[in-house]
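Engineer: Right, I'll just put the structure down here and ask away after.
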Amino acid sequence: MDITKPEWKDAYNRALADILRARKDELRMTYPEIIAATGITLETVQRLINGKRPISMANFIPLVRALKLEDPAEVLAQAEDRVAKTSL
């Protein structure tokens, strides 16, 4: 797996977004609740959670905390596992 390929980066970003979106749905959190917890704008939160924008660490960590995910490293590992199971 060549992580420098744009396809891999896009797949990784989508996997992260899928994990965050699933957690948002599981908790039944609204965008206003996420915005209040993170300080990230509505437009940015929507783009990040829908996989339309790459997730920087500056946004990833607050999102993970707001979504009550215990370990950011585990979320990253889950995304990497998902990408590894796909063919790019």
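Here's how to read the names in the structure tokens: chain A, B, ... by the order shown, residue numbers from 1 in each chain, ligand numbers from 1 in the order shown.
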If we count only C-alpha atoms, what is near Gln78 in chain A at a cut-off of 9 Å, once residues fewer than 4 positions away on the same chain are taken out, given as a PyMOL selection string?

Structural biologist: chain A and resi 15-16+19+73-74+82-83

Engineer: Please return, as a PyMOL selection string, all residues of chain A that DSSP assigns to helix (DSSP H, G or I) on the basis of the backbone.

Structural biologist: chain A and resi 6-27+31-38+42-49+57-66+72-84

Engineer: Got time to write the residues from that selection, C-alpha atoms, as a short mmCIF file (atom, residue, chain, number, x, y, z; two decimals), in the first residue's frame?

Structural biologist:
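Result saved to selection-v4.cif:
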```cif
data_model
loop_
_atom_site.label_atom_id
_atom_site.label_comp_id
_atom_site.auth_asym_id
_atom_site.auth_seq_id
_atom_site.Cartn_x
_atom_site.Cartn_y
_atom_site.Cartn_z
CA PRO A 6 -3.79 10.49 -3.73
CA GLU A 7 -6.22 7.55 -3.97
CA TRP A 8 -4.98 6.20 -0.64
CA LYS A 9 -5.27 9.60 1.04
CA ASP A 10 -8.82 10.01 -0.28
CA ALA A 11 -9.79 6.52 0.90
CA TYR A 12 -8.25 7.14 4.32
CA ASN A 13 -10.11 10.43 4.66
CA ARG A 14 -13.40 8.74 3.69
CA ALA A 15 -12.76 5.95 6.22
CA LEU A 16 -12.16 8.49 8.99
CA ALA A 17 -15.29 10.39 7.99
CA ASP A 18 -17.32 7.15 7.97
CA ILE A 19 -16.17 6.31 11.50
CA LEU A 20 -16.96 9.80 12.80
CA ARG A 21 -20.33 9.93 11.04
CA ALA A 22 -21.31 6.51 12.39
CA ARG A 23 -20.43 7.63 15.91
CA LYS A 24 -22.40 10.87 15.44
CA ASP A 25 -25.41 8.81 14.37
CA GLU A 26 -24.92 6.32 17.20
CA LEU A 27 -24.93 9.14 19.77
CA TYR A 31 -24.47 19.46 14.31
CA PRO A 32 -25.16 22.28 16.80
CA GLU A 33 -24.02 19.98 19.63
CA ILE A 34 -20.82 19.11 17.78
CA ILE A 35 -20.16 22.77 16.97
CA ALA A 36 -20.66 23.74 20.62
CA ALA A 37 -18.23 21.02 21.74
CA THR A 38 -15.55 21.69 19.11
CA LEU A 42 -21.04 24.19 10.74
CA GLU A 43 -19.78 24.16 7.16
CA THR A 44 -16.45 22.65 8.19
CA VAL A 45 -18.00 20.02 10.47
CA GLN A 46 -20.36 18.95 7.70
CA ARG A 47 -17.55 18.71 5.16
CA LEU A 48 -15.33 16.73 7.54
CA ILE A 49 -18.00 14.27 8.65
CA MET A 57 -5.30 16.89 13.47
CA ALA A 58 -6.45 20.33 14.64
CA ASN A 59 -10.02 19.30 13.76
CA PHE A 60 -9.72 15.54 14.29
CA ILE A 61 -8.89 15.65 18.01
CA PRO A 62 -11.79 17.96 18.97
CA LEU A 63 -14.18 15.86 16.87
CA VAL A 64 -13.01 12.64 18.52
CA ARG A 65 -13.47 14.18 21.96
CA ALA A 66 -16.89 15.63 21.11
CA PRO A 72 -7.79 8.96 18.77
CA ALA A 73 -5.04 6.49 17.83
CA GLU A 74 -7.60 3.68 17.75
CA VAL A 75 -9.81 5.69 15.39
CA LEU A 76 -6.82 6.25 13.09
CA ALA A 77 -5.98 2.54 13.23
CA GLN A 78 -9.57 1.59 12.38
CA ALA A 79 -9.48 3.88 9.35
CA GLU A 80 -6.17 2.40 8.21
CA ASP A 81 -7.58 -1.14 8.59
CA ARG A 82 -10.59 -0.21 6.48
CA VAL A 83 -8.39 1.19 3.73
CA ALA A 84 -6.08 -1.83 3.84
#
```

Engineer: So what do you get for CA of Lys52 in chain A versus CA of Leu69 in chain A, distance-wise?

Structural biologist: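 Between CA of Lys52 in chain A and CA of Leu69 in chain A the gap works out to 21.3 Å.
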